[in-house]
file model24.txt (compact mmCIF, C-alpha atoms and all ligand atoms)
# COMPACT_ATOMS: atom_id res chain seq x y z
CA MET A 26 21.93 140.10 -37.35
CA ARG A 27 19.57 138.62 -34.79
CA VAL A 28 16.17 139.85 -35.96
CA LEU A 29 12.87 139.42 -34.15
CA ILE A 30 9.76 139.65 -36.32
CA LEU A 31 6.57 140.50 -34.45
CA GLY A 32 3.55 139.48 -36.51
CA GLY A 33 5.61 136.83 -38.30
CA ASP A 34 2.60 134.88 -39.54
CA GLY A 35 1.10 137.68 -41.65
CA TYR A 36 1.08 138.66 -45.32
CA LEU A 37 4.38 140.53 -44.87
CA GLY A 38 5.75 138.95 -41.68
CA TRP A 39 6.31 135.42 -42.99
CA PRO A 40 7.91 136.48 -46.31
CA THR A 41 10.18 138.84 -44.34
CA ALA A 42 11.22 135.94 -42.11
CA MET A 43 12.11 133.76 -45.12
CA HIS A 44 13.92 136.62 -46.86
CA LEU A 45 16.08 137.53 -43.86
CA SER A 46 16.73 133.89 -43.00
CA GLN A 47 17.89 133.20 -46.55
CA LYS A 48 20.23 136.20 -46.30
CA GLY A 49 21.92 134.55 -43.32
CA HIS A 50 20.28 136.51 -40.49
CA GLU A 51 19.22 134.71 -37.32
CA VAL A 52 15.43 135.05 -37.24
CA MET A 53 12.69 134.48 -34.69
CA VAL A 54 8.98 134.98 -35.48
CA VAL A 55 6.29 135.83 -32.93
CA ASP A 56 2.56 135.77 -33.62
CA ASN A 57 -0.74 135.31 -31.79
CA TYR A 58 -2.60 134.13 -34.94
CA PHE A 59 -5.04 137.06 -34.76
CA ARG A 60 -5.35 137.28 -38.54
CA ARG A 61 -6.09 133.58 -38.94
CA LYS A 62 -8.69 133.65 -36.16
CA VAL A 63 -10.50 136.66 -37.60
CA CYS A 64 -10.44 135.22 -41.13
CA THR A 65 -12.11 132.10 -39.74
CA GLU A 66 -14.62 134.12 -37.70
CA LEU A 67 -15.54 136.38 -40.64
CA ASN A 68 -15.35 133.44 -43.07
CA CYS A 69 -12.84 135.17 -45.38
CA GLU A 70 -10.14 132.53 -45.77
CA PRO A 71 -7.00 133.44 -47.77
CA LEU A 72 -6.60 132.30 -51.38
CA LEU A 73 -3.93 129.70 -50.63
CA PRO A 74 -4.17 127.35 -47.65
CA VAL A 75 -1.53 128.34 -45.07
CA PRO A 76 0.05 125.81 -42.68
CA ASN A 77 0.76 127.13 -39.17
CA LEU A 78 4.12 128.68 -38.26
CA HIS A 79 5.59 125.52 -36.76
CA GLN A 80 4.74 123.57 -39.91
CA ARG A 81 6.06 126.29 -42.21
CA THR A 82 9.35 126.73 -40.34
CA GLU A 83 9.87 122.95 -40.40
CA LEU A 84 9.23 122.88 -44.13
CA TRP A 85 11.55 125.86 -44.59
CA ARG A 86 14.34 124.04 -42.74
CA ALA A 87 13.78 120.85 -44.74
CA LEU A 88 13.94 122.73 -48.06
CA THR A 89 16.70 125.26 -47.35
CA GLY A 90 18.61 124.14 -44.27
CA TYR A 91 17.87 127.50 -42.56
CA SER A 92 16.07 127.54 -39.25
CA ILE A 93 13.60 130.15 -38.04
CA ARG A 94 12.58 130.10 -34.37
CA VAL A 95 8.89 130.41 -33.45
CA GLU A 96 7.10 131.78 -30.37
CA ILE A 97 3.30 131.84 -30.32
CA GLY A 98 1.99 134.53 -27.99
CA ASP A 99 0.63 138.04 -27.69
CA VAL A 100 2.91 141.07 -27.78
CA CYS A 101 0.28 142.86 -25.66
CA HIS A 102 1.07 140.43 -22.82
CA TYR A 103 4.21 142.02 -21.34
CA PRO A 104 5.64 139.01 -19.42
CA PHE A 105 5.57 137.03 -22.70
CA ILE A 106 7.33 139.59 -24.85
CA ALA A 107 9.80 140.51 -22.08
CA ARG A 108 10.83 136.83 -21.85
CA VAL A 109 11.23 136.60 -25.64
CA PHE A 110 13.53 139.64 -25.57
CA ARG A 111 15.61 138.29 -22.69
CA GLU A 112 16.04 134.90 -24.38
CA PHE A 113 16.60 135.97 -28.00
CA ALA A 114 18.37 139.32 -27.36
CA PRO A 115 17.55 140.78 -30.80
CA GLU A 116 19.69 143.44 -32.44
CA GLY A 117 16.75 144.52 -34.60
CA VAL A 118 12.97 144.09 -34.31
CA VAL A 119 10.43 144.39 -37.12
CA HIS A 120 7.02 145.35 -35.74
CA TYR A 121 4.21 143.98 -37.93
CA ALA A 122 2.11 142.88 -34.95
CA GLU A 123 -0.62 145.46 -35.48
CA GLN A 124 -4.18 145.04 -36.66
CA PRO A 125 -3.57 146.07 -40.30
CA SER A 126 -7.02 146.50 -41.83
CA ALA A 127 -8.79 149.84 -42.25
CA PRO A 128 -12.23 148.22 -42.89
CA TYR A 129 -11.85 145.94 -39.84
CA SER A 130 -11.19 148.98 -37.65
CA MET A 131 -14.43 150.58 -38.90
CA LEU A 132 -16.55 147.44 -38.43
CA ASN A 133 -17.96 148.16 -34.96
CA ARG A 134 -16.97 149.44 -31.52
CA GLU A 135 -15.36 146.14 -30.48
CA ALA A 136 -13.17 145.98 -33.58
CA ALA A 137 -12.17 149.63 -33.12
CA ALA A 138 -11.33 149.03 -29.44
CA PHE A 139 -9.31 145.94 -30.34
CA THR A 140 -7.40 147.91 -32.99
CA LEU A 141 -6.68 150.73 -30.54
CA ILE A 142 -5.54 148.50 -27.69
CA ASN A 143 -3.61 146.02 -29.80
CA ASN A 144 -1.78 148.57 -31.91
CA LEU A 145 -0.84 150.93 -29.09
CA VAL A 146 -0.14 148.43 -26.31
CA SER A 147 1.94 146.19 -28.59
CA THR A 148 4.05 149.22 -29.54
CA LEU A 149 4.35 150.33 -25.91
CA ASN A 150 5.39 146.83 -24.78
CA LEU A 151 7.94 146.63 -27.58
CA ILE A 152 9.49 149.95 -26.52
CA HIS A 153 9.68 148.85 -22.88
CA ALA A 154 11.14 145.45 -23.77
CA VAL A 155 13.83 147.15 -25.87
CA ALA A 156 14.57 149.68 -23.15
CA GLU A 157 14.85 146.96 -20.49
CA THR A 158 17.01 144.52 -22.43
CA ASP A 159 19.07 146.56 -24.91
CA PRO A 160 18.21 150.20 -25.75
CA ALA A 161 20.53 149.97 -28.79
CA CYS A 162 18.20 147.41 -30.42
CA HIS A 163 16.76 149.03 -33.56
CA ILE A 164 12.95 149.08 -33.88
CA VAL A 165 11.66 148.96 -37.46
CA LYS A 166 7.94 149.66 -37.32
CA LEU A 167 5.68 149.14 -40.31
CA GLY A 168 3.86 152.41 -40.63
CA THR A 169 1.56 153.59 -43.37
CA MET A 170 1.37 156.37 -45.96
CA GLY A 171 -2.25 156.68 -44.84
CA VAL A 172 -1.21 158.67 -41.77
CA TYR A 173 -0.69 161.71 -44.01
CA GLY A 174 -4.09 161.55 -45.69
CA THR A 175 -4.28 163.44 -48.97
CA PRO A 176 -3.18 167.04 -48.25
CA ASN A 177 -3.19 169.63 -51.00
CA ILE A 178 0.59 170.14 -50.68
CA ASP A 179 3.59 167.81 -51.25
CA ILE A 180 4.07 165.13 -48.58
CA GLU A 181 7.58 165.11 -47.10
CA GLU A 182 9.34 162.12 -45.58
CA GLY A 183 8.11 162.27 -41.99
CA TYR A 184 8.97 165.86 -41.11
CA LEU A 185 8.00 169.34 -42.28
CA GLU A 186 10.06 172.48 -41.80
CA VAL A 187 7.76 175.38 -40.98
CA GLU A 188 8.63 179.06 -41.09
CA TYR A 189 6.28 181.10 -38.95
CA LYS A 190 6.51 184.77 -37.97
CA GLY A 191 10.16 184.86 -39.00
CA ARG A 192 11.25 181.72 -37.09
CA LYS A 193 11.74 178.12 -38.26
CA HIS A 194 11.01 174.78 -36.64
CA THR A 195 10.86 171.19 -37.89
CA PHE A 196 7.73 169.25 -36.88
CA LEU A 197 6.48 165.77 -37.62
CA TYR A 198 4.52 166.12 -40.85
CA PRO A 199 0.85 166.85 -39.98
CA LYS A 200 -1.29 163.74 -39.89
CA CYS A 201 -4.81 163.35 -41.19
CA PRO A 202 -5.66 159.62 -41.16
CA GLY A 203 -8.69 158.36 -43.06
CA SER A 204 -9.68 155.31 -40.96
CA PHE A 205 -9.53 154.35 -37.31
CA TYR A 206 -6.73 151.89 -38.15
CA HIS A 207 -4.73 154.69 -39.78
CA LEU A 208 -5.38 156.84 -36.70
CA THR A 209 -3.76 154.20 -34.45
CA LYS A 210 -0.76 154.16 -36.80
CA SER A 211 -0.42 157.94 -36.33
CA GLN A 212 -0.59 157.47 -32.57
CA ASP A 213 2.01 154.68 -32.45
CA GLY A 214 4.34 156.93 -34.49
CA ASP A 215 3.88 159.74 -31.96
CA MET A 216 4.63 157.26 -29.17
CA LEU A 217 7.85 156.07 -30.80
CA TYR A 218 8.96 159.66 -31.46
CA PHE A 219 8.27 160.48 -27.79
CA TYR A 220 10.44 157.61 -26.50
CA CYS A 221 13.23 158.42 -28.97
CA ARG A 222 13.37 161.87 -27.36
CA MET A 223 13.04 160.57 -23.79
CA TRP A 224 15.13 157.39 -23.80
CA ASP A 225 17.36 157.68 -26.89
CA ILE A 226 16.02 154.49 -28.45
CA ARG A 227 16.40 154.24 -32.23
CA VAL A 228 13.47 153.78 -34.53
CA THR A 229 12.69 153.59 -38.23
CA ASP A 230 9.05 154.11 -39.19
CA LEU A 231 8.37 152.74 -42.66
CA ASN A 232 5.35 154.60 -43.98
CA GLN A 233 4.27 152.06 -46.51
CA GLY A 234 1.64 152.27 -49.25
CA PRO A 235 -0.62 149.36 -50.28
CA VAL A 236 1.42 146.25 -51.17
CA TYR A 237 0.65 143.77 -53.96
CA GLY A 238 1.97 140.40 -55.05
CA LEU A 239 2.49 136.98 -53.56
CA GLU A 240 5.61 135.54 -55.08
CA ILE A 241 8.92 136.29 -53.46
CA ASN A 242 11.93 134.53 -54.93
CA GLY A 243 11.19 134.01 -58.60
CA SER A 244 8.99 131.02 -57.87
CA PHE A 245 7.65 129.35 -54.76
CA LEU A 246 9.90 126.73 -53.27
CA ASP A 247 6.68 125.15 -52.17
CA ASP A 248 3.15 126.63 -52.27
CA ARG A 249 2.79 125.90 -48.55
CA LEU A 250 5.37 128.64 -47.91
CA ALA A 251 3.29 131.33 -49.69
CA PRO A 252 2.11 134.37 -47.72
CA ILE A 253 -1.39 134.70 -46.27
CA PHE A 254 -3.01 136.23 -49.36
CA ASN A 255 -6.42 137.78 -48.70
CA TYR A 256 -8.70 139.04 -51.45
CA ASP A 257 -11.77 139.82 -49.34
CA ALA A 258 -12.97 143.38 -48.64
CA ILE A 259 -11.56 143.37 -45.08
CA PHE A 260 -7.96 142.16 -45.39
CA GLY A 261 -7.29 142.22 -49.15
CA THR A 262 -5.44 145.25 -50.56
CA VAL A 263 -6.84 146.76 -53.72
CA LEU A 264 -4.60 145.32 -56.46
CA ASN A 265 -4.56 141.84 -54.93
CA ARG A 266 -8.35 142.00 -54.90
CA PHE A 267 -8.47 143.10 -58.55
CA LEU A 268 -6.24 140.17 -59.60
CA VAL A 269 -8.59 137.66 -57.98
CA GLN A 270 -11.69 139.40 -59.32
CA ALA A 271 -10.21 139.34 -62.84
CA VAL A 272 -9.55 135.60 -62.62
CA ALA A 273 -12.99 134.88 -61.14
CA GLY A 274 -14.80 136.90 -63.85
CA ILE A 275 -16.17 139.37 -61.27
CA PRO A 276 -16.25 143.05 -62.35
CA LEU A 277 -13.45 145.00 -60.65
CA THR A 278 -14.70 146.82 -57.56
CA VAL A 279 -13.58 150.43 -58.04
CA TYR A 280 -14.91 152.45 -55.09
CA GLY A 281 -16.52 155.70 -56.21
CA LYS A 282 -14.88 157.74 -58.99
CA GLY A 283 -11.61 155.79 -58.67
CA GLY A 284 -9.33 158.85 -58.65
CA GLN A 285 -8.00 157.90 -55.18
CA THR A 286 -4.20 157.96 -55.56
CA ARG A 287 -1.81 155.98 -53.35
CA GLY A 288 1.86 154.94 -53.44
CA TYR A 289 2.18 151.22 -54.31
CA LEU A 290 4.93 148.62 -54.07
CA ASN A 291 5.56 144.99 -54.88
CA ILE A 292 5.95 142.70 -51.84
CA LYS A 293 9.51 142.04 -53.04
CA ASP A 294 10.31 145.72 -52.42
CA THR A 295 8.80 145.58 -48.93
CA LEU A 296 11.30 142.85 -48.05
CA ALA A 297 14.21 144.78 -49.55
CA CYS A 298 13.18 148.00 -47.73
CA VAL A 299 12.93 146.26 -44.35
CA GLU A 300 16.35 144.69 -44.80
CA LEU A 301 17.89 148.01 -45.93
CA ALA A 302 16.44 149.74 -42.86
CA LEU A 303 17.82 147.02 -40.54
CA LEU A 304 21.29 147.12 -42.08
CA ASN A 305 21.46 150.93 -41.87
CA PRO A 306 20.12 151.82 -38.41
CA PRO A 307 19.54 155.41 -37.30
CA SER A 308 21.54 156.93 -34.43
CA PRO A 309 20.35 156.61 -30.82
CA GLY A 310 17.51 159.06 -30.19
CA GLN A 311 16.61 159.32 -33.89
CA TYR A 312 13.06 158.72 -35.08
CA ARG A 313 13.67 158.16 -38.78
CA VAL A 314 10.80 158.06 -41.24
CA PHE A 315 10.86 156.65 -44.77
CA ASN A 316 7.98 156.80 -47.23
CA GLN A 317 7.92 153.23 -48.51
CA PHE A 318 6.44 152.93 -52.01
CA VAL A 319 7.85 153.04 -55.52
CA GLU A 320 5.15 154.54 -57.77
CA THR A 321 1.74 156.17 -57.48
CA PHE A 322 -1.47 155.08 -59.20
CA THR A 323 -5.14 155.92 -59.05
CA VAL A 324 -7.56 153.05 -58.46
CA ASN A 325 -8.72 153.60 -62.07
CA ASP A 326 -5.10 153.12 -63.28
CA LEU A 327 -4.92 149.78 -61.44
CA ALA A 328 -8.25 148.65 -62.84
CA ARG A 329 -7.22 149.53 -66.41
CA LYS A 330 -3.84 147.81 -66.03
CA THR A 331 -5.50 144.67 -64.66
CA GLN A 332 -7.97 144.73 -67.55
CA GLU A 333 -5.15 145.05 -70.12
CA ALA A 334 -3.07 142.26 -68.58
CA GLY A 335 -6.19 140.07 -68.32
CA LYS A 336 -6.80 140.53 -72.04
CA GLU A 337 -3.37 138.99 -72.74
CA LEU A 338 -4.53 135.88 -70.90
CA GLY A 339 -7.91 135.82 -72.62
CA LEU A 340 -9.79 137.08 -69.55
CA GLN A 341 -12.80 139.36 -70.07
CA VAL A 342 -12.30 141.90 -67.29
CA GLU A 343 -15.09 144.40 -66.60
CA ILE A 344 -14.74 147.47 -64.41
CA ASN A 345 -17.53 148.44 -62.03
CA HIS A 346 -17.78 151.69 -60.04
CA LEU A 347 -19.44 150.90 -56.70
CA PRO A 348 -20.76 153.51 -54.29
CA ASN A 349 -17.72 154.23 -52.12
CA PRO A 350 -18.08 152.55 -48.70
CA ARG A 351 -15.27 154.78 -47.36
CA LYS A 352 -15.10 158.50 -46.68
CA GLU A 353 -12.12 159.63 -48.76
CA ALA A 354 -11.24 162.12 -51.49
CA GLU A 355 -11.89 160.55 -54.89
CA GLU A 356 -10.01 163.22 -56.86
CA HIS A 357 -7.09 164.94 -55.19
CA TYR A 358 -3.51 166.20 -55.36
CA TYR A 359 -0.90 163.60 -54.30
CA ASN A 360 2.85 164.10 -54.47
CA PRO A 361 4.76 162.32 -51.70
CA THR A 362 8.56 162.33 -51.49
CA HIS A 363 10.22 158.90 -51.36
CA THR A 364 13.96 159.28 -51.65
CA GLY A 365 15.24 157.80 -48.35
CA LEU A 366 15.07 154.12 -49.26
CA LEU A 367 16.29 154.77 -52.82
CA SER A 368 19.34 156.48 -51.36
CA LEU A 369 20.00 153.40 -49.20
CA GLY A 370 20.09 151.34 -52.42
CA LEU A 371 16.53 150.15 -53.10
CA LYS A 372 16.15 148.80 -56.65
CA PRO A 373 12.39 149.05 -57.28
CA HIS A 374 10.24 146.49 -59.05
CA TYR A 375 7.70 148.44 -61.10
CA LEU A 376 4.20 147.33 -62.01
CA THR A 377 4.57 146.15 -65.60
CA THR A 378 2.12 144.14 -67.72
CA GLU A 379 4.53 141.18 -67.36
CA THR A 380 4.32 141.42 -63.56
CA LEU A 381 0.53 141.56 -63.71
CA ILE A 382 0.43 138.55 -66.04
CA GLU A 383 2.71 136.58 -63.70
CA MET A 384 0.49 137.39 -60.73
CA LEU A 385 -2.71 136.58 -62.62
CA THR A 386 -1.21 133.26 -63.73
CA LEU A 387 -0.41 132.38 -60.12
CA VAL A 388 -3.93 133.30 -58.98
CA GLN A 389 -5.37 131.17 -61.80
CA ARG A 390 -3.82 128.09 -60.17
CA TYR A 391 -6.11 128.68 -57.19
CA ARG A 392 -9.22 129.74 -59.11
CA ASP A 393 -11.26 126.95 -57.50
CA ARG A 394 -10.69 128.39 -54.03
CA ILE A 395 -12.09 131.85 -54.88
CA ASN A 396 -15.28 132.56 -52.97
CA PRO A 397 -17.27 135.29 -54.83
CA ARG A 398 -19.10 136.15 -51.60
CA HIS A 399 -15.87 137.65 -50.21
CA ILE A 400 -15.67 140.35 -52.85
CA LEU A 401 -18.24 143.08 -52.16
CA PRO A 402 -17.48 145.55 -49.37
CA GLU A 403 -19.78 145.29 -46.37
CA VAL A 404 -18.24 147.77 -43.95
CA SER A 405 -19.24 151.42 -44.25
CA TRP A 406 -17.26 154.39 -42.91
CA ARG A 407 -20.53 156.28 -42.39
CA LEU A 408 -22.66 156.31 -39.30
CA VAL A 409 -25.68 154.22 -40.31
CA GLN A 410 -28.84 155.45 -38.56
CA PRO A 411 -31.61 152.93 -37.79
CA GLY A 412 -34.34 153.17 -40.41
CA PRO A 413 -36.76 150.97 -42.31
CA GLN A 414 -33.86 149.31 -44.18
CA ASN A 415 -31.46 148.95 -41.25
CA SER A 416 -32.20 147.25 -37.99
CA PRO A 417 -30.44 148.54 -34.83
CA GLY A 418 -28.28 145.39 -35.14
CA ASP A 419 -26.92 146.59 -38.50
CA VAL A 420 -25.96 149.91 -36.94
CA GLN A 421 -24.23 148.24 -34.02
CA ALA A 422 -22.34 145.97 -36.41
CA GLY A 423 -21.37 148.90 -38.67
CA LEU A 424 -22.54 146.86 -41.63
CA MET A 425 -24.08 148.48 -44.62
CA LEU A 426 -26.59 146.98 -46.96
CA ALA A 427 -25.13 145.24 -49.99
CA SER A 428 -26.55 148.02 -52.20
CA GLY A 429 -24.11 150.41 -50.50
N1 LIG B 501 -10.27 150.41 -53.10
C1 LIG B 501 -11.13 150.26 -54.18
N2 LIG B 501 -11.66 149.02 -54.38
C2 LIG B 501 -11.39 147.94 -53.59
C3 LIG B 501 -10.51 148.11 -52.51
C4 LIG B 501 -9.97 149.36 -52.28
O1 LIG B 501 -11.40 151.21 -54.93
O2 LIG B 501 -11.92 146.88 -53.85
C5 LIG B 501 -9.63 151.72 -52.86
C6 LIG B 501 -9.81 152.26 -51.45
O3 LIG B 501 -11.03 152.97 -51.34
C7 LIG B 501 -8.56 153.12 -51.29
C8 LIG B 501 -7.50 152.41 -52.14
O4 LIG B 501 -8.22 151.55 -53.01
O5 LIG B 501 -8.76 154.38 -51.85
C9 LIG B 501 -6.52 151.59 -51.32
O6 LIG B 501 -7.26 150.68 -50.53
P1 LIG B 501 -6.60 149.37 -49.88
O7 LIG B 501 -7.70 148.57 -49.29
O8 LIG B 501 -5.68 148.72 -50.85
O9 LIG B 501 -5.64 150.04 -48.78
P2 LIG B 501 -5.93 150.58 -47.32
O10 LIG B 501 -7.26 150.24 -46.78
O11 LIG B 501 -5.55 152.03 -47.31
O12 LIG B 501 -4.89 149.77 -46.45
C10 LIG B 501 -3.79 149.03 -47.00
C11 LIG B 501 -3.30 148.06 -45.94
C12 LIG B 501 -2.79 148.85 -44.75
C13 LIG B 501 -1.73 149.85 -45.21
C14 LIG B 501 -2.29 150.75 -46.30
C15 LIG B 501 -1.29 151.68 -46.92
O13 LIG B 501 -4.34 147.18 -45.56
O14 LIG B 501 -2.27 147.97 -43.77
O15 LIG B 501 -1.33 150.64 -44.14
O16 LIG B 501 -2.77 149.91 -47.38
S1 LIG B 501 -2.01 153.24 -47.37
O17 LIG B 501 -3.18 152.98 -48.22
O18 LIG B 501 -1.03 154.03 -48.06
O19 LIG B 501 -2.46 153.87 -46.14
call {"tool": "encode", "arguments": {"input": "model24.txt", "output": "structure tokens", "more": "lines below"}}
Ligand code: USQ
result
Amino acid sequence: MRVLILGGDGYLGWPTAMHLSQKGHEVMVVDNYFRRKVCTELNCEPLLPVPNLHQRTELWRALTGYSIRVEIGDVCHYPFIARVFREFAPEGVVHYAEQPSAPYSMLNREAAAFTLINNLVSTLNLIHAVAETDPACHIVKLGTMGVYGTPNIDIEEGYLEVEYKGRKHTFLYPKCPGSFYHLTKSQDGDMLYFYCRMWDIRVTDLNQGPVYGLEINGSFLDDRLAPIFNYDAIFGTVLNRFLVQAVAGIPLTVYGKGGQTRGYLNIKDTLACVELALLNPPSPGQYRVFNQFVETFTVNDLARKTQEAGKELGLQVEINHLPNPRKEAEEHYYNPTHTGLLSLGLKPHYLTTETLIEMLTLVQRYRDRINPRHILPEVSWRLVQPGPQNSPGDVQAGLMLASG
């Protein structure tokens, strides 16, 4: 297939490009380097140094013989993305080109506005580019399990059948996002569903849980091909952060009581799920939703597992409960369905002690690059009122004091 990957420089975008390219698909990556620029601005560089996309695709070609095309530009700029579509004529598009961080979206008004505009306009432009060039082109959008929140009933895969006053109707499953980022992911889903109904485009929304891991094919061909792996409190996902904290000898940062439950998956399963979705497109007009995770854990489970695996490597891992910077349920019911991708043939990688040891061993190779100042959360979900401890500047910046 000819597959266009929007956001092809990111933690998931670049590994997806390599994976699909290795499987024989014709791949083009598009990115505006937003993530790199913000990491530099906020001084939260990824664990491994990451060459730019031109350098990485050249290296990839030298090592494997496969070529990946690159376009640097902004999906929010319509003439750019329309030209890319006309020239590459993709049969499938993977949309990762959204601002992916919940804490970043809660940082201040500017970051929230950027998240809103980027995530919704990129999705709108993608829909229009598909409609103009080839309405049969399948859009695979990376969604998030966080759109559902943590309701006190089972979470279905995208839709809910409701019986009311003797009649039945199927609705999109009610959404209750817990960050401004997650809100934009609810809105882009509504937008895609709308255009499926209006224009008969075909869409798969992959409602994914937090991803962990950094190794893709058994071992790196070359460390310069590794994903952008963040461990800071803005872009790092929880288990990746715990792995780095364990190696650095920093107590694991469990937020609040630690009973927050989410559906997790190894990055290897993300790649498999995206490929399965591409190879099995929905019919025209269908807005298909899959819940993309393989097992659920509480934050406390992840901390304990990291501690146990650390012990095997002689690491003394402590667990610390910090005041929760987010507004979220810390003890709750959580039972989401996730059968769609399994029925397409997904073979999950589960989180075993061996997997944790492998990941910790990889992180240990980069121990010298860990910056302990990136670990503690600095963005609060709460409205911080000016007071003796907080200057108006702190409120404007949405920053909380290090004490929480
Ligand atoms: N958490 C801690 N300690 C930490 C970091 C996080 O206890 O040091 C907790 C959070 O409070 C939350 C849970 O761990 O309850 C997951 O947090 P996360 O930072 O791993 O994930 P989140 O902010 O929800 O976002 C990540 C990705 C996002 C994706 C989402 C899937 O950044 O792009 O959409 O995972 S989901 O969580 O299912 O919405």
call {"tool": "residues_near_point", "arguments": {"input": "model24.txt", "point": "(8.4, 125.3, -36.3)", "cutoff": "9 Å", "atoms": "only C-alpha atoms", "output": "NGL selection string"}}
result
:A and (77-86 or 92-96)
call {"tool": "residues_near_ligand", "arguments": {"input": "model24.txt", "ligand": "ligand LIG 501 (chain B)", "cutoff": "7 Å", "atoms": "only C-alpha atoms and all ligand atoms", "output": "PDB file with C-alpha atoms, keeping the file's coordinate frame"}}
result
ATOM      1  CA  PRO A 125      -3.570 146.070 -40.300  1.00  0.00           C
ATOM      2  CA  SER A 126      -7.020 146.500 -41.830  1.00  0.00           C
ATOM      3  CA  ALA A 127      -8.790 149.840 -42.250  1.00  0.00           C
ATOM      4  CA  PRO A 128     -12.230 148.220 -42.890  1.00  0.00           C
ATOM      5  CA  GLY A 168       3.860 152.410 -40.630  1.00  0.00           C
ATOM      6  CA  THR A 169       1.560 153.590 -43.370  1.00  0.00           C
ATOM      7  CA  MET A 170       1.370 156.370 -45.960  1.00  0.00           C
ATOM      8  CA  GLY A 171      -2.250 156.680 -44.840  1.00  0.00           C
ATOM      9  CA  VAL A 172      -1.210 158.670 -41.770  1.00  0.00           C
ATOM     10  CA  HIS A 207      -4.730 154.690 -39.780  1.00  0.00           C
ATOM     11  CA  GLN A 233       4.270 152.060 -46.510  1.00  0.00           C
ATOM     12  CA  GLY A 234       1.640 152.270 -49.250  1.00  0.00           C
ATOM     13  CA  PRO A 235      -0.620 149.360 -50.280  1.00  0.00           C
ATOM     14  CA  VAL A 236       1.420 146.250 -51.170  1.00  0.00           C
ATOM     15  CA  ALA A 258     -12.970 143.380 -48.640  1.00  0.00           C
ATOM     16  CA  PHE A 260      -7.960 142.160 -45.390  1.00  0.00           C
ATOM     17  CA  GLY A 261      -7.290 142.220 -49.150  1.00  0.00           C
ATOM     18  CA  THR A 262      -5.440 145.250 -50.560  1.00  0.00           C
ATOM     19  CA  VAL A 263      -6.840 146.760 -53.720  1.00  0.00           C
ATOM     20  CA  LEU A 264      -4.600 145.320 -56.460  1.00  0.00           C
ATOM     21  CA  ARG A 266      -8.350 142.000 -54.900  1.00  0.00           C
ATOM     22  CA  PHE A 267      -8.470 143.100 -58.550  1.00  0.00           C
ATOM     23  CA  THR A 278     -14.700 146.820 -57.560  1.00  0.00           C
ATOM     24  CA  VAL A 279     -13.580 150.430 -58.040  1.00  0.00           C
ATOM     25  CA  TYR A 280     -14.910 152.450 -55.090  1.00  0.00           C
ATOM     26  CA  GLY A 281     -16.520 155.700 -56.210  1.00  0.00           C
ATOM     27  CA  GLY A 283     -11.610 155.790 -58.670  1.00  0.00           C
ATOM     28  CA  GLN A 285      -8.000 157.900 -55.180  1.00  0.00           C
ATOM     29  CA  THR A 286      -4.200 157.960 -55.560  1.00  0.00           C
ATOM     30  CA  ARG A 287      -1.810 155.980 -53.350  1.00  0.00           C
ATOM     31  CA  GLY A 288       1.860 154.940 -53.440  1.00  0.00           C
ATOM     32  CA  VAL A 324      -7.560 153.050 -58.460  1.00  0.00           C
ATOM     33  CA  ASN A 349     -17.720 154.230 -52.120  1.00  0.00           C
ATOM     34  CA  ARG A 351     -15.270 154.780 -47.360  1.00  0.00           C
ATOM     35  CA  GLU A 353     -12.120 159.630 -48.760  1.00  0.00           C
TER      36      GLU A 353
END
call {"tool": "atom_distance", "arguments": {"input": "model24.txt", "atom1": "CA of Ala334 in chain A", "atom2": "CA of Ile382 in chain A"}}
result
5.7 Å
call {"tool": "atom_distance", "arguments": {"input": "model24.txt", "atom1": "CA of Pro276 in chain A", "atom2": "CA of Glu337 in chain A"}}
result
17.0 Å
call {"tool": "residues_around", "arguments": {"input": "model24.txt", "residues": "Asp247 in chain A", "least_positions_apart": "3", "cutoff": "9 Å", "atoms": "all atoms listed in the file", "output": "list in words"}}
result
Leu84, Leu88, Ser244, Leu250 and Ala251 of chain A
call {"tool": "closest_residue", "arguments": {"input": "model24.txt", "among": "A:Val228, A:Met131, A:Leu151, A:Leu45", "to": "Tyr91 in chain A", "atoms": "all atoms listed in the file"}}
result
A:Leu45
call {"tool": "residues_near_point", "arguments": {"input": "model24.txt", "point": "(-2.2, 166.6, -51.5)", "cutoff": "10 Å", "atoms": "only C-alpha atoms", "output": "mmCIF file with C-alpha atoms, in the coordinates of the input"}}
result
data_model
loop_
_atom_site.group_PDB
_atom_site.id
_atom_site.type_symbol
_atom_site.label_atom_id
_atom_site.label_comp_id
_atom_site.auth_asym_id
_atom_site.auth_seq_id
_atom_site.Cartn_x
_atom_site.Cartn_y
_atom_site.Cartn_z
ATOM 1 C CA TYR A 173 -0.690 161.710 -44.010
ATOM 2 C CA GLY A 174 -4.090 161.550 -45.690
ATOM 3 C CA THR A 175 -4.280 163.440 -48.970
ATOM 4 C CA PRO A 176 -3.180 167.040 -48.250
ATOM 5 C CA ASN A 177 -3.190 169.630 -51.000
ATOM 6 C CA ILE A 178 0.590 170.140 -50.680
ATOM 7 C CA ASP A 179 3.590 167.810 -51.250
ATOM 8 C CA ILE A 180 4.070 165.130 -48.580
ATOM 9 C CA THR A 286 -4.200 157.960 -55.560
ATOM 10 C CA HIS A 357 -7.090 164.940 -55.190
ATOM 11 C CA TYR A 358 -3.510 166.200 -55.360
ATOM 12 C CA TYR A 359 -0.900 163.600 -54.300
ATOM 13 C CA ASN A 360 2.850 164.100 -54.470
ATOM 14 C CA PRO A 361 4.760 162.320 -51.700
#
call {"tool": "residues_around", "arguments": {"input": "model24.txt", "residues": "Val109 in chain A", "least_positions_apart": "4", "cutoff": "12 Å", "atoms": "all atoms listed in the file", "output": "ChimeraX atom specification"}}
result
/A:28-31,53-56,94-100,102-105,113-115,118,150-151,154-155,158
